[in-house]
Amino acid sequence: MAGIEPGYLLCVARLLPYKNVDVVIEAALELGQRLVVVGDGPDRARLELLARAGGESRRGSAAVTLVGRVDDPELRWLYHHAGLLVAASYEDYGLSPLEAAAFGRPAVVLRDGGYLDTVVESVTGTFFDAPHPHLVAAAIEEASRHAWDDGALSSHVETFATPRFVHRLREVVKAQRGLVGGASGVAGERNP
């Protein structure tokens, strides 16, 4: 993408207050690191002001770029050229760390919700315990010093791939059928 040099922090989120993108922006500014934010939403104007004001008041080469919505090829480019993904929201399912890992990029995420299912500490990412800029900044620094294994990142993503999902779903259904088929005296059930 024009004007974006590789090696930045990446945040992919709908721009809503509970996504805590402001916390990620403040952490990046605190560290003097470049940040690219993908997403749009009602909080965009406030986040742009925060990024602009923070960039002017802090020293360093920090620059925050809010790119809005992007198409799939642009998103793939952004994941591929990022240094780390950073996510500070409370999510039911942590999809963006899996997307980042598919491109060999580790994630720095909130230790909560769906991220607990999709990120493995020190294998695919680093956690922080609360959405506070200093905690996010410390986790970014920790992740930046870590030697990440591309093979481990890819292997982890494969555990969420469609063939693995289908195989596991079939195992669960087979086990459940065994429980139902093995039960005696259940109305409407026949034992084979």
# chains A, B, ... in the order shown; residues from 1 in each chain; ligands from 1
>>> residues_around(residues="Leu116 of chain A", least_positions_apart="5", cutoff="10 Å", atoms="only C-alpha atoms", output="list of chain:residue names")
A:Glu91, A:Asp92, A:Tyr93, A:Gly94, A:Val109, A:Leu110, A:Arg111, A:Glu121, A:Phe127
>>> residues_around(residues="segment 29-46 of chain A", least_positions_apart="3", cutoff="7 Å", atoms="only C-alpha atoms", output="ChimeraX atom specification")
/A:8-17,25-26,49-50,54-55,58,60-69,137
>>> select_by_dssp(residues="segment 2-146 of chain A", states="strand (DSSP E or B)", output="MDAnalysis selection string")
chainID A and resid 9:12 35:38 64:68 84:87 107:110 121 125:128
>>> select_by_dssp(residues="segment 31-183 of chain A", states="alpha helix (DSSP H)", output="NGL selection string")
:A and (31 or 44-57 or 72-81 or 95-102 or 115-118 or 133-145 or 150-158 or 162-182)
>>> atom_distance(atom1="atom CA of Ala161 of chain A", atom2="atom CA of Pro97 of chain A")
13.8 Å
>>> residues_around(residues="Arg145 of chain A", least_positions_apart="5", cutoff="12 Å", atoms="only C-alpha atoms", output="PyMOL selection string")
chain A and resi 83-84+106+122+125-126+138-140
>>> residues_around(residues="Tyr18 of chain A", least_positions_apart="6", cutoff="9 Å", atoms="only C-alpha atoms", output="list in words")
Ala88, Ser89 and Tyr90 of chain A
>>> atom_distance(atom1="atom CA of Leu135 of chain A", atom2="atom CA of Ala101 of chain A")
22.0 Å
>>> residues_around(residues="Gly151 of chain A", least_positions_apart="5", cutoff="12 Å", atoms="only C-alpha atoms", output="list in words")
Ala101, Ala102, Phe103, Gly104, Arg105, Pro106, Val123, Thr124, His156, Val157 and Glu158 of chain A
>>> write_last_selection(atoms="C-alpha atoms", output="CSV table (one decimal), in the first residue's frame")
chain,number,residue,atom,x,y,z
A,101,ALA,CA,-0.3,-16.2,12.2
A,102,ALA,CA,-1.3,-17.4,8.7
A,103,PHE,CA,1.2,-14.7,7.5
A,104,GLY,CA,3.8,-15.6,10.1
A,105,ARG,CA,3.0,-12.7,12.3
A,106,PRO,CA,2.6,-13.1,16.1
A,123,VAL,CA,4.2,-19.6,20.6
A,124,THR,CA,1.9,-17.4,18.6
A,156,HIS,CA,-1.1,-23.4,15.1
A,157,VAL,CA,-3.2,-21.9,12.3
A,158,GLU,CA,-3.7,-25.4,10.7
